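These notes concern the structure reproduced below.
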Amino acid sequence: MNEFKKNLVYVDYTGCEKRKLDAQHILDYFLANNFEGTDDITKSDILVYVTCAFIKDFENLSIKNIEKIYQNRKKDSKFIVSGCLPLINLSRLKKFENIEIIPVREMNQFDKLTKFSIKFDKVPDPNITIFENRKYEGKDINVHYSNTRDEYEKAKRGYKIRLGYGCLGHCSYCVTRFATKSLQSKPLKTIINEFENAIYNKQKTIFFTGGDSGAYGQDIGLSIVKLLSKLFSIDGNYKIYFHDFGIHWLIKYFNELIQIFKENHEKLGVFNFPIQSGSNKILKLMRRPYKIEEVIKSLNKLKREIPNLSFGTHILIGFPEETNEDFQKSIDLIKKIPFDFIMVFKYSDNPLVDSFKLSNKIKENIIKIRYERIMDIYLQIISKKRDKNSL
């Protein structure tokens with residue numbers, strides 16, 4: 001008697017932690033419906049690729065990987081493209097015949113396509129993925145590392161909890177919001193269950209992620225303060241890490257948050273507070289809802305009162321109308337605040353976003369020079385910090 005042969009599914013992704021969790025959720029969905037996972041494109045019956053398109057480099061990388069899968073798949077297989085690209089630049093997928101497209105916030109479309117008995121929303125959001133060691137071929141990403149950044153990246157590859165989908169922001173340069181849509185916070189009870197599961201399984205790091213993790217609960221009558229108060233009331237040997245915690249939420253809830261952080265300082269890992277620019281003029285053009293003076297005051301006080309809390313930031317270089325003076329203010333920012341790491345990105349223009357309409361676009365060679373300059377300065381800063389700590 002021949003043994004029953006399961007259908008094979010291939011799933012891969014490009015992009016952030018949210019897309020990584022999406023890829024695992026999709027894989028879990030197929031496994032729950034009696035498929036078997038495979039890394040072999042040529043043997044797979046169904047292939048799913050989760051895309052990224054937050055900047056042009058990642059859009060190009062997604063297309064490159066789609067082409068590879070498309071060319072090597074077997075003839076009778078079904079190819080599904082998901083992630084952010086379909087709602088950011090659908091035209092780039094038009095050349096691929098007979099593929100299915102499922103946008104990132106419309107995952108229930110898998111049910112219409114597959115007719116599976118176990119529906120997508122009945123498969124739990126994952127906390128651990130098989131994709132942690134994937135590398136992006138030919139693309140160096142955030143080459144600056146420090147001990148804190150290494151700790152943050154290690155936690156990112158561990159136990160994760162997604163706080164929600166989308167965000168409340170309307171940043172003038174952001175294309176991702178067209179794909180991920182507005183904020184939809186995960187129910188508090190679900191987060192608590194995932195958190196308690198981490199503690200039960202002796203997970204030492206718990207990494208929170210979302211479109212803006214600091215915005216948690218704003219759409220359901222809660223807040224990041226209420227969430228953290230509830231989480232820290234649960235005993236356990238763990239540290240929490242936060243991905244993309246909007247700095248304006250730290251400013252808005254500063255007094256409550258700093259008290260919570262002080263009371264639970266031994267459970268604090270690394271936070272990432274994206275700031276993007278040190279210039280109020282550029283922040284206003286970006287539609288970032290804060291002033292740089294508020295940022296500097298809040299983060300410096302946070303570091304003074306809770307020295308063991310480590311944090312980093314994102315800086316965006318070459319935004320339209322960024323003068324040398326504006327750029328210098330971003331340099332001044334990283335000198336005024338004791339960041340434990342920074343991630344620097346080059347501005348990527350896109351006709352979908354409002355910043356595309358701005359005049360005085362910065363030339364690529366100028367962006368490259370500014371990128372290298374701010375990285376050189378920051379490397380000098382952390383080098384001096386290491387020398388001081390070694391004394």
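The chains in the structure tokens are called A, B, ... from first to last as shown; in each chain the residues are counted from 1, and the ligands are counted from 1 in the order shown.
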
*asked:* Taking 4 positions as the minimum chain separation for residues in the same chain, which residues sit within 12 Å of Leu21 of chain A when counting only C-alpha atoms? Answer as a VMD selection string.
replied: chain A and resid 11 to 17 25 to 28 50 83 104 124 to 132 156 to 165 208 to 210

*Could you find all residues in segment 212-342 of chain A that DSSP calls strand (DSSP E or B) from the backbone, and write them as a list in words?*
Lys239, Ile240, Tyr241, Phe242, Leu268, Gly269, Val270, Phe271, Asn272, Gln276, Ser310, Phe311, Gly312, Thr313, His314, Ile315, Leu316, Ile317, Phe341 and Ile342 of chain A

_Nearby residues (only C-alpha atoms) at most 10 Å from Ile192 of chain A, same-chain spacing under 4 positions excluded, as a PyMOL selection string_ = chain A and resi 161+187-188+196-198+227+230-231+234

*Could you give me, as a PyMOL selection string, the residues within 9 Å of Ala155 of chain A, counting only C-alpha atoms and dropping anything in the same chain fewer than 3 positions from it?*
chain A and resi 150-152+158-160+204-207+240-241+269-270

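One distance worth recording is that between atom CA of Cys174 of chain A and atom CA of Leu299 of chain A, which is 24.3 Å.
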
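Interatomic distance, atom CA of Leu85 of chain A against atom CA of Ala53 of chain A: 5.3 Å.
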
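When atom CA of Glu67 of chain A is paired with atom CA of Asp111 of chain A, their separation reads 25.3 Å.
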
_Selected residue of minimal separation from Val344 of chain A among A:Leu358, A:Ile367, A:Ile88, A:Ile317, counting only C-alpha atoms_ = A:Ile317

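Every protein, DNA or RNA residue with an atom at most 12 Å from Gln71 of chain A, where only C-alpha atoms count and chain neighbours fewer than 6 positions away do not, is listed here: Ile41, Thr42, Lys64, Asn65, Ser77, Phe79, Phe96 and Glu97 of chain A.
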
Prev. selection, C-alpha atoms, output as a JSON list (two decimals), in the first residue's frame:
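What landed in part-v9.json:
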```
[["chain", "number", "residue", "atom", "x", "y", "z"],
["A", 41, "ILE", "CA", 10.73, 25.66, -5.12],
["A", 42, "THR", "CA", 10.74, 23.07, -7.91],
["A", 64, "LYS", "CA", 14.06, 39.82, -7.85],
["A", 65, "ASN", "CA", 12.98, 37.03, -5.50],
["A", 77, "SER", "CA", 1.91, 24.91, -9.06],
["A", 79, "PHE", "CA", 1.94, 31.03, -6.87],
["A", 96, "PHE", "CA", 3.75, 37.63, -13.88],
["A", 97, "GLU", "CA", 0.94, 35.62, -15.46]]
```

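If only C-alpha atoms are the atoms counted, then among A:Pro338, A:Gly246, A:Pro86, A:Gly37 the closest residue to Cys52 of chain A is A:Pro86.
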